[in-house]
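Heads up, start_7.cif below (mmCIF, C-alpha atoms):
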```
data_target
#
loop_
_atom_site.label_atom_id
_atom_site.label_comp_id
_atom_site.auth_asym_id
_atom_site.auth_seq_id
_atom_site.Cartn_x
_atom_site.Cartn_y
_atom_site.Cartn_z
CA MET A 1 -34.17 -47.66 -30.31
CA SER A 2 -31.48 -45.90 -32.32
CA VAL A 3 -29.97 -42.60 -31.47
CA ASN A 4 -29.49 -40.30 -34.45
CA ASN A 5 -26.32 -38.33 -35.15
CA LYS A 6 -27.97 -35.04 -34.18
CA THR A 7 -28.76 -36.34 -30.70
CA ILE A 8 -25.21 -37.67 -30.26
CA THR A 9 -23.77 -34.32 -31.33
CA SER A 10 -26.03 -32.44 -28.91
CA LEU A 11 -25.06 -34.71 -26.03
CA THR A 12 -21.38 -34.31 -26.86
CA VAL A 13 -21.65 -30.52 -26.98
CA TYR A 14 -23.55 -30.54 -23.68
CA ALA A 15 -20.91 -32.76 -22.02
CA ILE A 16 -18.05 -30.59 -23.25
CA SER A 17 -19.85 -27.42 -22.14
CA LEU A 18 -20.45 -28.90 -18.70
CA ILE A 19 -16.78 -29.85 -18.34
CA LEU A 20 -15.71 -26.34 -19.39
CA VAL A 21 -18.07 -24.75 -16.86
CA ILE A 22 -16.66 -26.96 -14.09
CA LEU A 23 -13.06 -26.16 -15.09
CA ILE A 24 -13.75 -22.43 -15.25
CA THR A 25 -15.49 -22.53 -11.86
CA PHE A 26 -12.55 -24.28 -10.24
CA LYS A 27 -10.17 -21.81 -11.89
CA LEU A 28 -12.12 -18.82 -10.59
CA ILE A 29 -12.24 -20.31 -7.09
CA SER A 30 -8.49 -20.91 -7.24
CA VAL A 31 -7.76 -17.37 -8.42
CA SER A 32 -10.06 -15.88 -5.76
CA SER A 33 -8.39 -17.94 -3.06
CA ALA A 34 -4.92 -16.93 -4.24
CA LYS A 35 -5.85 -13.23 -3.94
CA HIS A 36 -6.13 -13.65 -0.19
CA LYS A 37 -2.91 -15.59 0.31
CA PRO A 38 0.37 -13.84 1.23
CA THR A 39 2.98 -13.56 -1.49
CA ALA A 40 5.77 -14.36 0.96
CA GLN A 41 6.90 -13.88 4.54
CA LEU A 42 9.38 -11.40 5.92
CA SER A 43 12.96 -12.59 5.93
CA SER A 44 14.18 -9.41 7.63
CA PRO A 45 12.20 -7.50 10.28
CA ILE A 46 10.63 -4.13 9.57
CA THR A 47 11.08 -1.62 12.36
CA LEU A 48 9.25 1.53 13.28
CA ASN A 49 10.90 4.88 12.70
CA GLU A 50 10.01 8.27 14.15
CA LEU A 51 9.49 9.55 10.60
CA ASP A 52 6.96 6.89 9.65
CA ILE A 53 3.54 8.27 8.77
CA ILE A 54 1.13 6.51 11.14
CA TYR A 55 -2.65 6.29 11.22
CA GLY A 56 -4.03 4.76 14.38
CA GLN A 57 -3.09 4.22 18.00
CA GLU A 58 -0.09 2.49 19.52
CA SER A 59 -2.53 0.29 21.44
CA SER A 60 -3.97 -1.15 18.22
CA LYS A 61 -4.04 -4.93 17.99
CA GLN A 62 -1.88 -5.19 14.86
CA ASP A 63 0.42 -3.11 12.66
CA LEU A 64 -0.15 -2.95 8.92
CA PHE A 65 2.86 -1.62 6.99
CA LEU A 66 2.39 -0.10 3.55
CA PHE A 67 5.30 0.47 1.16
CA PHE A 68 4.16 2.93 -1.51
CA ASN A 69 5.06 5.78 -3.80
CA TYR A 70 2.93 8.57 -5.19
CA ASN A 71 3.72 7.78 -8.84
CA CYS A 72 2.20 4.30 -8.48
CA MET A 73 -1.38 4.29 -9.81
CA HIS A 74 -2.29 1.27 -7.68
CA CYS A 75 -1.03 3.13 -4.59
CA GLN A 76 -3.22 6.06 -5.62
CA ALA A 77 -6.13 3.64 -5.99
CA PHE A 78 -5.63 2.40 -2.44
CA PHE A 79 -5.76 5.90 -0.98
CA ASN A 80 -8.61 7.07 -3.21
CA GLU A 81 -10.79 3.96 -3.03
CA ALA A 82 -9.89 1.72 -0.07
CA PHE A 83 -8.31 3.93 2.58
CA ASP A 84 -11.54 5.45 3.96
CA THR A 85 -13.11 2.00 4.37
CA VAL A 86 -9.99 0.58 6.04
CA LYS A 87 -9.82 3.60 8.33
CA LYS A 88 -13.48 3.36 9.35
CA GLU A 89 -13.55 -0.40 9.91
CA PHE A 90 -10.10 -1.08 11.34
CA ILE A 91 -8.06 2.02 12.21
CA ASP A 92 -10.76 4.03 13.97
CA GLN A 93 -11.85 0.92 15.85
CA GLY A 94 -8.36 0.35 17.27
CA LYS A 95 -7.90 -2.90 15.36
CA ILE A 96 -4.93 -1.93 13.23
CA ARG A 97 -2.35 0.81 13.00
CA LEU A 98 -1.46 1.73 9.40
CA ILE A 99 2.21 2.62 9.00
CA LEU A 100 3.18 4.28 5.73
CA LYS A 101 6.68 3.69 4.36
CA PRO A 102 7.21 5.98 1.33
CA LEU A 103 9.68 4.85 -1.35
CA GLU A 104 11.70 6.47 -4.11
CA VAL A 105 13.44 3.64 -5.92
CA GLU A 106 15.03 5.80 -8.62
CA GLN A 107 16.48 8.20 -6.04
CA HIS A 108 15.46 11.28 -7.98
CA PRO A 109 16.48 14.35 -5.91
CA ASP A 110 13.19 16.23 -6.41
CA VAL A 111 11.10 13.23 -5.36
CA LEU A 112 13.35 12.51 -2.37
CA TYR A 113 13.04 16.13 -1.27
CA ALA A 114 9.24 16.00 -1.60
CA LEU A 115 8.95 12.76 0.37
CA GLN A 116 11.28 14.05 3.08
CA THR A 117 9.14 17.18 3.25
CA ALA A 118 6.03 14.99 3.62
CA VAL A 119 7.41 12.95 6.51
CA CYS A 120 8.70 16.07 8.26
CA ILE A 121 5.39 17.86 7.81
CA ASN A 122 3.69 14.79 9.23
CA ARG A 123 5.70 15.31 12.42
CA PHE A 124 5.45 19.06 12.69
CA GLY A 125 2.53 20.25 10.60
CA SER A 126 -0.54 19.22 8.62
CA PHE A 127 0.30 16.24 6.43
CA ASN A 128 -3.07 15.64 4.78
CA GLU A 129 -3.01 18.69 2.51
CA LEU A 130 0.40 17.81 1.05
CA HIS A 131 -0.60 14.15 0.85
CA GLU A 132 -3.69 15.04 -1.21
CA LEU A 133 -1.61 17.26 -3.50
CA LEU A 134 0.94 14.50 -4.18
CA LEU A 135 -1.84 11.99 -4.82
CA TYR A 136 -3.60 14.35 -7.21
CA ASN A 137 -0.47 15.41 -9.11
CA PRO A 138 2.79 13.61 -8.21
CA MET A 139 4.59 15.48 -11.00
CA VAL A 140 4.18 18.74 -9.09
CA VAL A 141 7.40 17.98 -7.18
CA TYR A 142 9.41 19.00 -10.26
CA SER A 143 7.88 22.47 -10.41
CA ASP A 144 9.26 25.75 -9.07
CA GLU A 145 5.89 26.36 -7.42
CA PHE A 146 6.32 23.25 -5.28
CA LYS A 147 9.83 24.28 -4.24
CA ASN A 148 8.49 27.71 -3.29
CA LEU A 149 5.75 26.02 -1.28
CA VAL A 150 8.33 23.98 0.64
CA ASP A 151 10.36 27.14 1.25
CA ASP A 152 7.25 28.72 2.76
CA PHE A 153 6.83 25.70 5.03
CA ILE A 154 10.44 25.98 6.16
CA ASN A 155 10.23 29.72 6.80
CA SER A 156 7.08 29.36 8.88
CA ASN A 157 8.06 26.27 10.92
CA ALA A 158 11.45 26.02 12.59
CA HIS A 159 10.89 22.38 13.61
CA LEU A 160 10.10 21.42 10.04
CA ALA A 161 13.19 23.26 8.80
CA GLU A 162 15.36 21.41 11.32
CA CYS A 163 13.82 18.08 10.34
CA LEU A 164 14.61 18.67 6.67
CA LEU A 165 18.15 19.86 7.35
CA ASP A 166 18.92 17.00 9.72
CA ASN A 167 17.76 14.43 7.18
CA ASN A 168 19.18 15.87 3.99
CA ASP A 169 20.96 12.59 3.22
CA TYR A 170 17.55 10.89 3.08
CA SER A 171 18.69 8.03 5.30
CA TYR A 172 15.11 7.30 6.39
CA LEU A 173 13.90 6.92 2.80
CA LYS A 174 16.93 4.83 1.90
CA ASN A 175 16.25 2.51 4.84
CA ASN A 176 12.73 2.00 3.51
CA ILE A 177 14.20 0.86 0.21
CA LEU A 178 16.59 -1.48 2.03
CA ASP A 179 13.68 -3.05 3.93
CA PHE A 180 11.80 -3.33 0.64
CA TYR A 181 14.58 -5.14 -1.23
CA LYS A 182 15.85 -7.25 1.68
CA ASN A 183 12.42 -8.84 1.80
CA ASN A 184 12.27 -9.38 -1.98
CA MET A 185 9.41 -6.98 -2.46
CA THR A 186 9.05 -6.05 -6.10
CA ALA A 187 5.83 -4.06 -6.46
CA THR A 188 3.98 -1.18 -4.89
CA PRO A 189 1.78 -1.06 -3.04
CA THR A 190 3.04 -3.83 -0.76
CA PHE A 191 1.22 -4.55 2.49
CA VAL A 192 2.86 -6.35 5.44
CA ILE A 193 0.91 -7.70 8.40
CA ASN A 194 1.80 -10.51 10.83
CA ASN A 195 5.10 -10.86 8.92
CA ASN A 196 3.07 -11.80 5.82
CA ILE A 197 3.76 -9.91 2.60
CA TYR A 198 0.98 -9.04 0.16
CA LYS A 199 2.40 -7.55 -3.03
CA GLY A 200 0.61 -5.38 -5.53
CA PHE A 201 -2.88 -3.99 -6.02
CA LYS A 202 -5.69 -5.20 -3.77
CA ASP A 203 -9.25 -4.03 -4.35
CA THR A 204 -11.14 -2.83 -1.29
CA GLN A 205 -13.02 -6.05 -0.58
CA THR A 206 -9.94 -8.22 -1.04
CA LEU A 207 -7.92 -6.03 1.31
CA ILE A 208 -10.67 -6.09 3.93
CA LYS A 209 -10.79 -9.89 3.78
CA ILE A 210 -7.01 -10.08 4.15
CA ILE A 211 -7.01 -7.80 7.20
CA ARG A 212 -9.89 -9.69 8.82
CA LYS A 213 -8.10 -12.99 8.26
CA GLU A 214 -4.83 -11.67 9.70
CA LEU A 215 -6.59 -10.20 12.73
CA LYS A 216 -8.30 -13.53 13.31
CA ASN A 217 -4.91 -15.27 13.15
CA THR A 218 -3.54 -12.78 15.67
CA THR A 219 -6.19 -13.67 18.26
CA GLN A 220 -5.85 -17.44 17.85
#
```

Rewritten as structure tokens:
Amino acid sequence: MSVNNKTITSLTVYAISLILVILITFKLISVSSAKHKPTAQLSSPITLNELDIIYGQESSKQDLFLFFNYNCMHCQAFFNEAFDTVKKEFIDQGKIRLILKPLEVEQHPDVLYALQTAVCINRFGSFNELHELLLYNPMVVYSDEFKNLVDDFINSNAHLAECLLDNNDYSYLKNNILDFYKNNMTATPTFVINNNIYKGFKDTQTLIKIIRKELKNTTQ
């Protein structure tokens, strides 16, 4: 029985399509797997500082460090989309302690002043309101209204004023940058847990899977 050219062509197209589907499937599996793998490991330790912004308890099973800046849209996405889920599932349950390490790579004076204000307010006032403002409009730090707002904070809180004056060389923020570059971090946000570095944007589900995996590794 002969096979006509049309049948041969159909079989060839089917075979090629099947191969392409298999290749695409393997590619998608590979990409998905890579999303959950660390970019690198720490080459220099990251230490806690009294000015770090911390969510969670000291008794938590694991520390999760986050290097971020307010002008980074992927950092904004973490706080606006993933933070509440991470807080509910891990921070509030005592599983992780989230330690924020703000950065200002370009060393712009207005941004440095705003970040120093944020870390000082975190120690001696209500951080969340300023945090929400900087997330909503990071460019506000260049305005006279923002400077007046900080002046009001200083005038109403002696501890905050002392914190700002004692850290006017921004050594804390500069140390964050040193930790960032010493470990070859190149993108924000960057997450560090169990000495594993995860660079760049992570959607909520990916981040949850990463944290679960790292917590599992901690208990083994």

- Message: Selection in question (the file shown): the PyMOL selection byres ((chain A and resi 172) around 10). Which residues does it include, as a PyMOL selection string?
- Response: chain A and resi 49-52+101-103+116+119+167-171+173-178

- Residues returned when the PyMOL selection byres ((chain A and resi 45) around 10) runs on this file, as a VMD selection string: chain A and resid 42 to 44 46 to 48 179 182 to 183 195

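In this structure, atom CA of Phe65 of chain A sits 5.6 Å away from atom CA of Phe191 of chain A.
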
- Would you mind telling me which residue in A:Ile154, A:Leu149, A:Leu112, A:Ala77 lies nearest to Thr204 of chain A when using all atoms listed in the file?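 Comparing A:Ile154, A:Leu149, A:Leu112, A:Ala77 against Thr204 of chain A, the winner is A:Ala77.
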
Would you compute the box with edges along x, y and z of the file around segment 38-48 of chain A, including every atom the file lists for it and 3 Å extra on each side, and give its centre and edge lengths in Å to one decimal, as AutoDock Vina command-line options?
```
--center_x 7.3 --center_y -6.4 --center_z 5.9 --size_x 19.8 --size_y 21.9 --size_z 20.8
```

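The spacing separating atom CA of Leu215 of chain A from atom CA of Thr188 of chain A amounts to 22.4 Å.
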
- Message: Could you list, as a PyMOL selection string, every residue within 12 Å of Gln57 of chain A, counting only C-alpha atoms and ignoring same-chain residues fewer than 4 positions away?
- Response: chain A and resi 61-64+87+90-99

- Give me the residues within 8 Å of segment 121-131 of chain A as a count of residues only, counting all atoms listed in the file and dropping any in the same chain fewer than 6 places off. 5

- Message: Let me make sure I understand: among A:Asn137, A:Thr218, A:Thr85, A:Thr186, which one has the smallest atom-to-atom distance to Asn71 of chain A if we use only C-alpha atoms?
- Response: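 Smallest distance to Asn71 of chain A is found for A:Asn137.
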
- Item | Between atom CA of Lys202 of chain A and atom CA of Pro189 of chain A - distance in Å to one decimal |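 The value is 8.6 Å.
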
- Hits from the PyMOL selection byres ((chain A and resi 199) around 10), listed as a list in words: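 Taken on the displayed file, the PyMOL selection byres ((chain A and resi 199) around 10) yields the residues Pro38, Thr39, Ala40, Leu66, Phe67, Met185, Thr186, Ala187, Thr188, Pro189, Thr190, Phe191, Val192, Asn196, Ile197, Tyr198, Gly200, Phe201 and Lys202 of chain A.
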
- Query: Which polymer residues have any atom within 9 Å of an atom of segment 141-148 of chain A, counting all atoms listed in the file, with same-chain residues fewer than 3 positions away left out, as a ChimeraX atom specification?
  - Reply: /A:110-111,113-114,134,137-138,151-153

- Could you check which of A:Phe180, A:Gln76, A:Val150, A:Ser60 is closest to Thr117 of chain A, using all atoms listed in the file?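 Among A:Phe180, A:Gln76, A:Val150, A:Ser60, it is A:Val150 that comes nearest to Thr117 of chain A.
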